[in-house]
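Asker: My structure file entry.txt, compact mmCIF, C-alpha atoms, is below:
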```txt
# COMPACT_ATOMS: atom_id res chain seq x y z
CA MET E 114 50.11 -22.46 186.11
CA SER E 115 52.79 -20.89 183.93
CA LYS E 116 53.45 -17.21 184.32
CA ALA E 117 53.21 -14.68 181.50
CA ILE E 118 55.13 -11.45 181.07
CA ASN E 119 52.86 -8.43 181.37
CA THR E 120 53.63 -4.85 180.32
CA LEU E 121 52.38 -2.55 183.05
CA ILE E 122 52.12 1.22 183.42
CA THR E 123 53.86 2.01 186.71
CA GLY E 124 54.38 5.77 186.47
CA THR E 125 53.08 8.77 184.57
CA GLY E 126 54.02 12.41 184.27
CA SER E 127 53.11 15.42 182.19
CA TYR E 128 54.10 19.00 181.61
CA ILE E 129 51.42 21.53 180.71
CA PRO E 130 52.89 24.87 179.59
CA GLN E 131 51.77 27.88 181.59
CA ASN E 132 51.00 30.17 178.64
CA ILE E 133 47.24 30.01 178.08
CA ILE E 134 46.28 31.13 174.57
CA SER E 135 42.59 31.96 174.24
CA GLY E 136 40.69 32.65 171.04
CA ASN E 137 41.08 36.37 171.66
CA GLU E 138 44.79 36.03 170.86
CA PHE E 139 43.80 35.57 167.19
CA LEU E 140 41.49 38.59 166.88
CA ASN E 141 44.18 40.61 165.13
CA SER E 142 45.38 37.78 162.87
CA THR E 143 45.08 37.93 159.08
CA PHE E 144 43.82 34.62 157.75
CA PHE E 145 44.16 33.60 154.09
CA GLU E 146 42.50 30.89 152.03
CA ASN E 147 43.59 30.06 148.47
CA GLY E 148 45.72 33.21 148.45
CA ASN E 149 42.90 35.55 149.46
CA VAL E 150 42.18 37.21 152.79
CA LEU E 151 39.16 35.66 154.49
CA GLU E 152 36.35 38.19 154.40
CA LYS E 153 34.64 37.07 157.61
CA GLU E 154 35.34 38.91 160.84
CA ASN E 155 37.97 37.17 162.96
CA SER E 156 35.54 36.96 165.88
CA GLU E 157 33.20 34.92 163.66
CA ILE E 158 36.07 32.72 162.39
CA ILE E 159 37.22 32.04 165.96
CA HIS E 160 33.70 31.27 167.17
CA LYS E 161 33.04 28.87 164.30
CA PHE E 162 36.40 27.20 164.86
CA SER E 163 35.60 26.58 168.55
CA GLU E 164 32.16 25.30 167.63
CA ILE E 165 33.63 22.73 165.22
CA THR E 166 36.63 21.58 167.28
CA GLU E 167 35.47 22.33 170.87
CA ILE E 168 38.83 24.07 171.45
CA VAL E 169 38.56 27.22 173.57
CA GLU E 170 42.15 27.46 174.81
CA ARG E 171 45.52 25.99 173.98
CA ARG E 172 48.96 26.07 175.66
CA TYR E 173 52.24 27.43 174.29
CA ALA E 174 55.69 26.75 175.72
CA CYS E 175 57.75 29.56 177.21
CA PRO E 176 60.15 31.33 174.80
CA ASP E 177 63.22 29.58 176.20
CA GLN E 178 61.70 26.09 176.24
CA LEU E 179 62.38 23.45 173.58
CA SER E 180 60.58 20.13 173.05
CA HIS E 181 63.25 18.14 174.86
CA HIS E 182 63.06 20.54 177.83
CA ILE E 183 59.36 19.96 178.39
CA GLY E 184 59.77 16.25 177.58
CA ALA E 185 62.40 16.01 180.32
CA LYS E 186 60.05 17.68 182.83
CA ALA E 187 57.34 15.12 182.06
CA ALA E 188 59.97 12.35 182.31
CA GLU E 189 61.11 13.55 185.73
CA ASN E 190 57.51 13.51 186.93
CA ALA E 191 56.97 9.97 185.61
CA ILE E 192 60.17 8.64 187.21
CA GLU E 193 59.19 10.18 190.54
CA ASN E 194 55.64 8.84 190.23
CA ALA E 195 56.95 5.32 189.50
CA GLY E 196 59.41 5.54 192.39
CA ILE E 197 62.23 4.01 190.36
CA ASP E 198 65.94 4.58 189.95
CA LYS E 199 66.41 6.40 186.64
CA GLU E 200 69.54 4.32 186.02
CA SER E 201 67.36 1.21 185.79
CA LEU E 202 65.67 2.33 182.56
CA ASP E 203 66.49 0.07 179.61
CA TYR E 204 65.04 2.39 176.95
CA ILE E 205 63.98 6.00 176.57
CA ILE E 206 61.76 6.42 173.52
CA PHE E 207 61.00 10.04 172.62
CA CYS E 208 58.05 10.50 170.26
CA HIS E 209 57.79 13.77 168.35
CA ASN E 210 57.54 15.10 164.80
CA PHE E 211 59.55 18.32 164.60
CA GLY E 212 62.41 18.03 167.07
CA ASP E 213 63.59 21.14 168.90
CA ILE E 214 62.46 24.40 167.28
CA PRO E 215 63.79 27.62 168.83
CA LEU E 216 61.21 30.39 169.02
CA GLY E 217 61.17 32.44 165.82
CA SER E 218 63.39 30.15 163.75
CA ASN E 219 61.05 27.60 162.11
CA ARG E 220 64.09 25.31 161.81
CA THR E 221 64.11 21.89 163.42
CA ASP E 222 66.97 20.31 165.37
CA VAL E 223 67.09 16.54 165.85
CA LEU E 224 70.84 16.10 166.32
CA PRO E 225 71.41 14.46 168.68
CA SER E 226 68.08 12.72 169.14
CA LEU E 227 65.71 14.30 171.63
CA ALA E 228 65.81 11.07 173.64
CA SER E 229 69.58 11.46 173.96
CA LYS E 230 69.12 15.07 175.07
CA VAL E 231 66.62 13.96 177.71
CA LYS E 232 68.95 11.22 178.92
CA GLN E 233 71.71 13.80 179.29
CA ARG E 234 69.38 16.28 180.99
CA LEU E 235 68.26 13.62 183.47
CA GLY E 236 71.90 12.79 184.21
CA ILE E 237 71.53 9.08 183.41
CA GLN E 238 74.98 7.45 183.23
CA ASN E 239 74.02 3.87 182.33
CA PRO E 240 75.14 3.20 178.70
CA ASP E 241 72.71 0.27 178.53
CA CYS E 242 69.84 2.76 178.70
CA VAL E 243 69.21 3.12 174.95
CA ALA E 244 67.70 6.44 173.86
CA TYR E 245 66.09 7.01 170.46
CA ASP E 246 63.28 8.90 168.74
CA ILE E 247 60.13 7.94 166.87
CA ILE E 248 58.56 10.14 164.20
CA PHE E 249 55.13 8.68 163.56
CA GLY E 250 52.70 11.61 163.43
CA CYS E 251 50.23 12.14 166.27
CA PRO E 252 50.07 8.35 166.96
CA GLY E 253 53.78 8.40 167.86
CA TRP E 254 53.38 7.94 171.61
CA ILE E 255 51.04 4.97 171.21
CA GLN E 256 53.49 3.42 168.74
CA GLY E 257 56.25 3.96 171.29
CA ALA E 258 54.14 2.14 173.88
CA ILE E 259 53.67 -0.73 171.41
CA GLN E 260 57.44 -0.91 170.90
CA ALA E 261 57.91 -0.92 174.68
CA ASP E 262 55.52 -3.87 174.85
CA TYR E 263 57.57 -5.76 172.26
CA TYR E 264 60.81 -5.12 174.15
CA ILE E 265 59.34 -6.19 177.48
CA LYS E 266 57.52 -9.29 176.23
CA SER E 267 60.64 -10.43 174.37
CA GLY E 268 62.54 -10.35 177.66
CA ASP E 269 64.96 -7.74 176.30
CA ALA E 270 63.81 -4.99 178.67
CA LYS E 271 62.37 -4.58 182.15
CA ARG E 272 61.68 -0.84 182.14
CA VAL E 273 60.94 1.48 179.25
CA MET E 274 60.02 5.16 179.36
CA VAL E 275 57.99 6.52 176.45
CA ILE E 276 57.80 10.31 176.10
CA GLY E 277 55.53 12.30 173.81
CA ALA E 278 56.32 16.00 173.48
CA GLU E 279 55.79 18.71 170.90
CA THR E 280 55.99 22.49 170.49
CA LEU E 281 53.61 22.86 167.56
CA SER E 282 53.29 26.60 168.18
CA ARG E 283 56.73 26.95 166.54
CA ILE E 284 55.77 25.24 163.26
CA ILE E 285 52.29 26.60 162.54
CA ASP E 286 51.34 29.19 159.92
CA PRO E 287 49.98 32.32 161.65
CA HIS E 288 47.88 33.05 158.54
CA ASP E 289 46.15 29.65 158.52
CA ARG E 290 43.03 29.40 160.70
CA ASP E 291 43.70 25.65 161.17
CA SER E 292 46.71 26.69 163.25
CA MET E 293 44.34 27.49 166.10
CA ILE E 294 44.02 23.72 166.66
CA PHE E 295 47.62 23.17 167.66
CA SER E 296 49.27 23.37 171.06
CA ASP E 297 52.39 22.49 173.06
CA GLY E 298 52.82 19.92 175.81
CA ALA E 299 54.53 16.76 177.05
CA GLY E 300 53.62 13.46 178.65
CA ALA E 301 55.70 10.49 179.77
CA VAL E 302 54.90 6.97 180.92
CA ILE E 303 56.99 4.22 182.53
CA PHE E 304 56.24 0.68 181.34
CA GLU E 305 57.55 -2.24 183.40
CA ALA E 306 57.68 -6.02 183.10
CA GLU E 307 55.66 -8.19 185.48
CA GLU E 308 55.62 -11.98 185.67
CA ALA E 309 52.17 -13.15 186.70
CA ALA E 310 49.62 -15.86 186.06
CA GLU E 311 46.94 -13.23 185.46
CA LYS E 312 47.09 -11.42 182.12
CA ARG E 313 46.91 -7.65 182.47
CA GLY E 314 48.64 -4.53 181.21
CA ILE E 315 48.84 -4.31 177.41
CA LEU E 316 46.58 -7.08 176.13
CA ALA E 317 46.68 -6.43 172.37
CA HIS E 318 47.45 -3.76 169.81
CA LYS E 319 46.89 -2.89 166.17
CA THR E 320 48.57 -0.40 163.82
CA GLU E 321 47.84 0.54 160.21
CA THR E 322 49.41 2.94 157.70
CA HIS E 323 47.17 4.29 154.93
CA ALA E 324 49.87 6.06 152.90
CA LEU E 325 48.95 5.32 149.30
CA HIS E 326 45.84 7.49 149.09
CA HIS E 327 45.96 9.50 152.30
CA SER E 328 49.55 10.60 153.03
CA ASN E 329 48.79 14.09 151.71
CA LEU E 330 46.19 14.86 154.39
CA LEU E 331 48.89 16.19 156.74
CA THR E 332 52.03 17.64 155.16
CA MET E 333 54.48 20.52 155.33
CA GLY E 334 53.70 23.37 152.94
CA LYS E 335 54.19 27.04 152.10
CA GLY E 336 52.56 29.76 154.14
CA SER E 337 49.01 30.87 153.33
CA ASN E 338 50.10 34.49 152.86
CA PRO E 339 51.03 34.77 149.15
CA ASP E 340 53.37 37.67 149.92
CA GLU E 341 55.56 35.66 152.30
CA THR E 342 59.13 35.22 151.02
CA SER E 343 60.79 33.51 154.00
CA GLY E 344 60.81 30.08 152.37
CA ASN E 345 59.52 28.55 155.61
CA LEU E 346 57.39 25.42 155.53
CA TYR E 347 54.47 25.05 157.89
CA LEU E 348 52.21 22.31 159.19
CA LYS E 349 49.28 21.96 156.76
CA MET E 350 46.25 19.70 156.80
CA ASN E 351 43.20 18.94 154.72
CA GLY E 352 40.81 19.19 157.64
CA ARG E 353 37.65 18.04 155.93
CA LYS E 354 39.20 14.97 154.31
CA LEU E 355 41.14 14.13 157.48
CA TYR E 356 37.92 14.23 159.49
CA GLU E 357 36.19 11.89 157.03
CA PHE E 358 39.16 9.50 157.00
CA ALA E 359 39.42 9.36 160.80
CA VAL E 360 35.71 8.84 161.44
CA ILE E 361 35.61 5.90 159.02
CA GLN E 362 38.98 4.22 159.65
CA VAL E 363 39.81 4.75 163.34
CA PRO E 364 36.78 2.82 164.70
CA GLN E 365 37.72 -0.16 162.54
CA VAL E 366 41.28 -0.24 163.90
CA ILE E 367 40.03 0.06 167.49
CA LYS E 368 37.63 -2.82 166.88
CA LYS E 369 40.44 -4.96 165.48
CA ALA E 370 42.46 -4.33 168.66
CA ILE E 371 39.49 -5.10 170.93
CA ASP E 372 38.73 -8.29 168.98
CA LYS E 373 42.42 -9.29 169.10
CA ALA E 374 42.26 -9.00 172.89
CA GLY E 375 39.28 -11.36 172.90
CA LEU E 376 37.00 -8.67 174.29
CA SER E 377 33.91 -6.71 173.26
CA VAL E 378 33.18 -3.00 173.35
CA ASP E 379 31.01 -3.74 176.41
CA ASP E 380 34.19 -4.66 178.30
CA ILE E 381 35.72 -1.20 177.79
CA ASN E 382 35.60 1.11 180.81
CA ILE E 383 37.50 4.13 179.50
CA VAL E 384 38.91 5.40 176.19
CA PHE E 385 42.06 7.53 175.93
CA VAL E 386 41.78 8.89 172.39
CA HIS E 387 44.01 11.44 170.67
CA GLN E 388 42.71 14.94 171.39
CA ALA E 389 42.54 16.26 167.83
CA ASN E 390 38.99 17.54 167.47
CA GLY E 391 36.22 17.16 170.03
CA LYS E 392 33.43 16.54 167.56
CA MET E 393 35.60 14.14 165.54
CA ASP E 394 36.34 12.05 168.64
CA THR E 395 32.63 11.93 169.46
CA ALA E 396 31.87 10.76 165.91
CA ILE E 397 34.61 8.11 166.13
CA MET E 398 33.09 6.70 169.31
CA LYS E 399 29.59 6.62 167.86
CA ARG E 400 30.81 4.73 164.81
CA LEU E 401 32.81 2.30 166.97
CA PHE E 402 29.70 1.34 168.90
CA LYS E 403 27.76 1.09 165.63
CA LEU E 404 30.26 -1.56 164.53
CA TYR E 405 29.04 -3.61 167.49
CA GLY E 406 25.38 -2.94 166.67
CA LYS E 407 24.92 -0.40 169.45
CA ASP E 408 23.23 2.98 169.01
CA THR E 409 24.53 4.81 172.08
CA VAL E 410 27.91 5.46 173.67
CA PRO E 411 27.94 5.11 177.48
CA GLU E 412 28.37 8.33 179.46
CA ASN E 413 31.72 9.05 181.14
CA LEU E 414 33.59 6.73 178.78
CA VAL E 415 35.82 9.24 176.97
CA PRO E 416 37.68 11.87 179.03
CA MET E 417 38.49 15.01 177.04
CA THR E 418 41.02 17.79 177.57
CA ILE E 419 40.98 19.36 174.12
CA SER E 420 38.80 22.31 175.14
CA TRP E 421 41.52 23.73 177.38
CA LEU E 422 44.72 22.06 176.15
CA GLY E 423 44.20 21.95 172.38
CA ASN E 424 45.97 19.42 170.16
CA SER E 425 49.57 18.82 171.26
CA SER E 426 50.01 15.86 168.87
CA VAL E 427 51.98 13.01 170.47
CA ALA E 428 51.54 14.55 173.92
CA THR E 429 47.74 14.41 174.10
CA VAL E 430 47.27 10.75 175.08
CA PRO E 431 50.01 10.43 177.76
CA THR E 432 49.00 13.81 179.20
CA LEU E 433 45.36 12.75 179.34
CA LEU E 434 46.33 9.47 181.02
CA ASP E 435 48.44 11.28 183.63
CA LEU E 436 45.65 13.73 184.44
CA VAL E 437 43.02 11.00 184.78
CA LEU E 438 45.22 8.78 186.96
CA LYS E 439 45.91 11.74 189.22
CA GLY E 440 42.22 12.68 189.54
CA GLN E 441 42.48 15.90 187.57
CA VAL E 442 39.75 15.18 184.98
CA LYS E 443 36.40 15.55 186.72
CA GLY E 444 34.18 12.49 186.56
CA TYR E 445 36.90 10.08 185.42
CA ASN E 446 39.08 7.56 187.22
CA VAL E 447 40.30 4.00 186.80
CA LYS E 448 40.31 1.08 189.20
CA PRO E 449 42.01 -2.33 189.14
CA GLY E 450 40.44 -4.57 186.51
CA ASP E 451 39.24 -1.71 184.31
CA VAL E 452 39.93 -2.09 180.59
CA ALA E 453 41.04 0.90 178.54
CA VAL E 454 41.40 1.67 174.86
CA PHE E 455 44.30 3.90 173.80
CA ALA E 456 43.92 5.14 170.20
CA SER E 457 45.29 7.76 167.83
CA VAL E 458 45.37 8.88 164.21
CA GLY E 459 47.67 11.24 162.35
CA ALA E 460 50.18 12.04 159.63
CA GLY E 461 51.15 9.06 157.52
CA MET E 462 48.25 8.42 157.67
CA HIS E 463 48.81 6.18 160.68
CA ILE E 464 46.18 4.74 162.99
CA ASN E 465 46.94 2.69 166.09
CA ALA E 466 45.35 1.38 169.25
CA PHE E 467 46.19 -0.80 172.23
CA ILE E 468 43.99 -2.43 174.83
CA TYR E 469 45.09 -2.20 178.47
CA ARG E 470 43.83 -3.85 181.65
CA PHE E 471 44.65 -1.94 184.85
```
What is this structure when it is put down as structure tokens?
Answerer:
Amino acid sequence: MSKAINTLITGTGSYIPQNIISGNEFLNSTFFENGNVLEKENSEIIHKFSEITEIVERRYACPDQLSHHIGAKAAENAIENAGIDKESLDYIIFCHNFGDIPLGSNRTDVLPSLASKVKQRLGIQNPDCVAYDIIFGCPGWIQGAIQADYYIKSGDAKRVMVIGAETLSRIIDPHDRDSMIFSDGAGAVIFEAEEAAEKRGILAHKTETHALHHSNLLTMGKGSNPDETSGNLYLKMNGRKLYEFAVIQVPQVIKKAIDKAGLSVDDINIVFVHQANGKMDTAIMKRLFKLYGKDTVPENLVPMTISWLGNSSVATVPTLLDLVLKGQVKGYNVKPGDVAVFASVGAGMHINAFIYRF
């Protein structure tokens, strides 16, 4: 029997910032909408926000930490977990959206690339280790994993590290209540080639970009406070429309990936979905199963960390994977033969998913 090249996850790592930001941190905030101060009490705004998103806490990086710093910490953990020589990496792919943003500046720095900064920070000498960045919205890390799969299955690479890291706390508008969604964090995963008769690892993937009618759902825009004169741009989203878009479109992309793998939703043991909004993810799963004519989603299928980690964009999925594999998400684990869905949605609007057999 001929052997196929599989793309396997052999190491994971994450970095969860130590600064825990509870809802109480926003009690003294002044929130605006359409140029006017919101009349509701902040305690009511915060409670309603948590009710809708399921976010109770989020994490912010330390003042002296940049995105590439926390990305490098996650990378170190992944390399150690994989038990590999860092010099053997063929690619380092760093997925982010805003580069390095020093605290208080609101200015991004992507020169050199964050992947190059991580390579330097890790002390990797090998010039054949190619380091570059991906800017692909929240689905960036999954797209990086898909690129790793292409490199490995083409025979061009044996080992690829894909990092997802973001410090969204540096780019959010303090006068926009939607800013309470966002968080900081980093995750990293090592993908390696395996020649085997049995097909496992990344089985199939699917990506779509819905830019024509939906690219304005997540953009950069002026601050909500009409008196602000800094000229800064902040992360802005049309939450209601984004929710509607995701609930309709994401299940269809996941189904296309499952079908491409020659599987059914009944074959799926666990789902690693972007931690954007707890209720949105629940709705996405319900609609996915509806596409297969099923009315209920199995229990313990979708691990969630959003309640205590918030939405750290590209970092949510690799961080969630790392925590599950290391037994740090109660009630969830994976065993050999289990099939997982990895899926995300975000600015672009991009949607992607890959199917993985452990």
Asker: Might you pull out every residue within 10 Å of Val150 of chain E, with all atoms listed in the file counted and same-chain residues fewer than 2 positions away left off, and present them as a list in words?
Answerer: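 Those residues are Thr143, Phe144, Phe145, Glu146, Asn147, Gly148, Glu152, Lys153, His288, Ser337, Asn338 and Pro339 of chain E.
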Asker: Return the single residue from E:Cys251, E:Asn132, E:Phe162, E:Ser180 that is closest to Ser226 of chain E, with distances computed using all atoms listed in the file.
Answerer: E:Ser180
Asker: For His387 of chain E, which residue out of E:Cys208, E:Val430, E:Ala228, E:Val275 is the nearest one, using all atoms listed in the file?
Answerer: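 Among the listed residues, E:Val430 lies closest to His387 of chain E.
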Asker: List every protein, DNA or RNA residue that has at least one atom no more than 8 Å from (59.3, 4.6, 179.4) in the file's coordinates, counting all atoms listed in the file, and write the result as a list of chain:residue names.
Answerer: E:Leu202, E:Tyr204, E:Ile205, E:Ile206, E:Ala258, E:Ala261, E:Arg272, E:Val273, E:Met274, E:Val275, E:Ile276, E:Ala301, E:Val302, E:Ile303, E:Phe304
Asker: Find the residues of segment 157-256 of chain E that sit at most 6 Å from segment 403-424 of chain E; for each, write down the nearest two atoms and how far apart they are in Å, to one decimal. Count all atoms listed in the file. Sort by chain, then by number going up, and give it as CSV.
Answerer:
```
residue,atom,partner,partner_atom,distance
E:Glu167,CA,E:Ser420,CA,5.4
E:Ile168,CA,E:Ser420,CA,4.1
E:Val169,CA,E:Ser420,CA,5.2
E:Glu170,CA,E:Trp421,CA,4.6
E:Arg171,CA,E:Gly423,CA,4.5
E:Arg172,CA,E:Leu422,CA,5.9
```
Asker: Counting all atoms listed in the file, which residue out of E:Met462, E:Cys242, E:Ile468, E:Leu281 sits closest to Tyr173 of chain E?
Answerer: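 Among the listed residues, the smallest separation from Tyr173 of chain E belongs to E:Leu281.
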Asker: Looking at only C-alpha atoms, which of E:Asp269, E:Asp340, E:Asp291, E:Asp297 is the one that sits closest to Ile129 of chain E?
Answerer: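 The closest residue to Ile129 of chain E is E:Asp297.
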Asker: What is the distance, in Å and to one decimal place, between atom CA of Leu376 of chain E and atom CA of Asp262 of chain E?
Answerer: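 Atom CA of Asp262 of chain E lies 19.1 Å from atom CA of Leu376 of chain E.
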Asker: Within 6 Å of (62.7, 31.2, 171.7), in the coordinates the file gives, what residues turn up when you count only C-alpha atoms, written out as an MDAnalysis selection string?
Answerer: chainID E and resid 176:177 215:216
Asker: As an mmCIF file with C-alpha atoms, in the coordinates of the input, please: the residues near Ala306 of chain E (cut-off 7 Å, all atoms listed in the file, same-chain neighbours under 3 positions excluded).
Answerer:
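Output below, filename out.cif:
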```
data_model
loop_
_atom_site.group_PDB
_atom_site.id
_atom_site.type_symbol
_atom_site.label_atom_id
_atom_site.label_comp_id
_atom_site.auth_asym_id
_atom_site.auth_seq_id
_atom_site.Cartn_x
_atom_site.Cartn_y
_atom_site.Cartn_z
ATOM 1 C CA ILE E 118 55.130 -11.450 181.070
ATOM 2 C CA ASN E 119 52.860 -8.430 181.370
ATOM 3 C CA THR E 120 53.630 -4.850 180.320
ATOM 4 C CA LEU E 121 52.380 -2.550 183.050
ATOM 5 C CA ILE E 265 59.340 -6.190 177.480
ATOM 6 C CA LYS E 271 62.370 -4.580 182.150
ATOM 7 C CA ARG E 272 61.680 -0.840 182.140
#
```
Asker: Record the distance separating atom CA of His181 of chain E and atom CA of Ala278 of chain E, expressed in Å with one decimal.
Answerer: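 Straight-line distance from atom CA of His181 of chain E to atom CA of Ala278 of chain E works out to 7.4 Å.
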Asker: Quote the spacing between atom CA of Ser156 of chain E and atom CA of Ala359 of chain E in Å to one decimal place.
Answerer: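 These atoms are spaced 28.3 Å apart.
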Asker: Using all atoms listed in the file, which of E:Lys199, E:Lys399, E:Ala188, E:Lys161 sits nearest Val231 of chain E?
Answerer: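 Under the stated criterion, the closest residue is E:Ala188.
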Asker: Between E:Thr429, E:Ser457, E:Ser142, E:Ser229, single out the one closest to Asp286 of chain E, counting all atoms listed in the file.
Answerer: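 Closest residue, counting all atoms listed in the file: E:Ser142.
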Asker: For Val452 of chain E, please output as an mmCIF file with C-alpha atoms, in the coordinates of the input all residues within 12 Å (counting all atoms listed in the file; exclusion window: fewer than 5 positions along the same chain).
Answerer:
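Full text of selection_35.cif as output:
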```
data_model
loop_
_atom_site.group_PDB
_atom_site.id
_atom_site.type_symbol
_atom_site.label_atom_id
_atom_site.label_comp_id
_atom_site.auth_asym_id
_atom_site.auth_seq_id
_atom_site.Cartn_x
_atom_site.Cartn_y
_atom_site.Cartn_z
ATOM 1 C CA LYS E 312 47.090 -11.420 182.120
ATOM 2 C CA ARG E 313 46.910 -7.650 182.470
ATOM 3 C CA GLY E 314 48.640 -4.530 181.210
ATOM 4 C CA ILE E 315 48.840 -4.310 177.410
ATOM 5 C CA LEU E 316 46.580 -7.080 176.130
ATOM 6 C CA ALA E 317 46.680 -6.430 172.370
ATOM 7 C CA ILE E 371 39.490 -5.100 170.930
ATOM 8 C CA ALA E 374 42.260 -9.000 172.890
ATOM 9 C CA LEU E 376 37.000 -8.670 174.290
ATOM 10 C CA SER E 377 33.910 -6.710 173.260
ATOM 11 C CA VAL E 378 33.180 -3.000 173.350
ATOM 12 C CA ASP E 379 31.010 -3.740 176.410
ATOM 13 C CA ASP E 380 34.190 -4.660 178.300
ATOM 14 C CA ILE E 381 35.720 -1.200 177.790
ATOM 15 C CA ASN E 382 35.600 1.110 180.810
ATOM 16 C CA ILE E 383 37.500 4.130 179.500
ATOM 17 C CA VAL E 384 38.910 5.400 176.190
ATOM 18 C CA PHE E 385 42.060 7.530 175.930
ATOM 19 C CA LEU E 414 33.590 6.730 178.780
ATOM 20 C CA ASN E 446 39.080 7.560 187.220
ATOM 21 C CA VAL E 447 40.300 4.000 186.800
ATOM 22 C CA PHE E 467 46.190 -0.800 172.230
ATOM 23 C CA ILE E 468 43.990 -2.430 174.830
ATOM 24 C CA TYR E 469 45.090 -2.200 178.470
ATOM 25 C CA ARG E 470 43.830 -3.850 181.650
ATOM 26 C CA PHE E 471 44.650 -1.940 184.850
#
```
Asker: If we count all atoms listed in the file, what is near Ala309 of chain E at a cut-off of 6 Å, once residues fewer than 2 positions away on the same chain are taken out, given as a count of residues only?
Answerer: 3
Asker: Would you kindly return, as a ChimeraX atom specification, each protein, DNA or RNA residue with an atom no farther than 7 Å from any atom of Thr221 of chain E, considering only C-alpha atoms and excluding same-chain residues fewer than 2 positions away?
Answerer: /E:211-214,219,223
Asker: Using all atoms of segment 444-457 of chain E listed in the file and a margin of 5 Å per side, can you give the axis-aligned box centre and edge lengths in Å to one decimal, as AutoDock Vina command-line options?
Answerer:
```
--center_x 39.7 --center_y 4.0 --center_z 178.5 --size_x 21.1 --size_y 27.1 --size_z 31.4
```
Asker: Supply segment 423-435 of chain E as a PDB file, in the frame of the given file, with N, CA and C atoms built in where the input has gaps.
Answerer:
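rebuild.pdb was written with the following content:
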```
ATOM      1  N   GLY E 423      43.973  22.002 173.808  1.00  0.00           N
ATOM      2  CA  GLY E 423      44.200  21.950 172.380  1.00  0.00           C
ATOM      3  C   GLY E 423      44.837  20.646 171.953  1.00  0.00           C
ATOM      4  N   ASN E 424      45.369  20.615 170.742  1.00  0.00           N
ATOM      5  CA  ASN E 424      45.970  19.420 170.160  1.00  0.00           C
ATOM      6  C   ASN E 424      47.484  19.538 170.202  1.00  0.00           C
ATOM      7  N   SER E 425      48.105  18.819 171.128  1.00  0.00           N
ATOM      8  CA  SER E 425      49.570  18.820 171.260  1.00  0.00           C
ATOM      9  C   SER E 425      50.181  17.558 170.649  1.00  0.00           C
ATOM     10  N   SER E 426      49.503  16.994 169.641  1.00  0.00           N
ATOM     11  CA  SER E 426      50.010  15.860 168.870  1.00  0.00           C
ATOM     12  C   SER E 426      50.333  14.676 169.761  1.00  0.00           C
ATOM     13  N   VAL E 427      51.573  14.207 169.730  1.00  0.00           N
ATOM     14  CA  VAL E 427      51.980  13.010 170.470  1.00  0.00           C
ATOM     15  C   VAL E 427      51.803  13.140 171.975  1.00  0.00           C
ATOM     16  N   ALA E 428      51.641  14.344 172.474  1.00  0.00           N
ATOM     17  CA  ALA E 428      51.540  14.550 173.920  1.00  0.00           C
ATOM     18  C   ALA E 428      50.128  14.377 174.455  1.00  0.00           C
ATOM     19  N   THR E 429      49.113  14.379 173.582  1.00  0.00           N
ATOM     20  CA  THR E 429      47.740  14.410 174.100  1.00  0.00           C
ATOM     21  C   THR E 429      47.381  13.167 174.911  1.00  0.00           C
ATOM     22  N   VAL E 430      47.704  11.976 174.400  1.00  0.00           N
ATOM     23  CA  VAL E 430      47.270  10.750 175.080  1.00  0.00           C
ATOM     24  C   VAL E 430      48.010  10.536 176.404  1.00  0.00           C
ATOM     25  N   PRO E 431      49.359  10.616 176.458  1.00  0.00           N
ATOM     26  CA  PRO E 431      50.010  10.430 177.760  1.00  0.00           C
ATOM     27  C   PRO E 431      49.657  11.517 178.768  1.00  0.00           C
ATOM     28  N   THR E 432      49.424  12.740 178.291  1.00  0.00           N
ATOM     29  CA  THR E 432      49.000  13.810 179.200  1.00  0.00           C
ATOM     30  C   THR E 432      47.624  13.514 179.774  1.00  0.00           C
ATOM     31  N   LEU E 433      46.707  13.096 178.901  1.00  0.00           N
ATOM     32  CA  LEU E 433      45.360  12.750 179.340  1.00  0.00           C
ATOM     33  C   LEU E 433      45.394  11.618 180.349  1.00  0.00           C
ATOM     34  N   LEU E 434      46.192  10.588 180.086  1.00  0.00           N
ATOM     35  CA  LEU E 434      46.330   9.470 181.020  1.00  0.00           C
ATOM     36  C   LEU E 434      46.825   9.949 182.378  1.00  0.00           C
ATOM     37  N   ASP E 435      47.869  10.773 182.373  1.00  0.00           N
ATOM     38  CA  ASP E 435      48.440  11.280 183.630  1.00  0.00           C
ATOM     39  C   ASP E 435      47.397  12.059 184.426  1.00  0.00           C
TER      40      ASP E 435
END
```
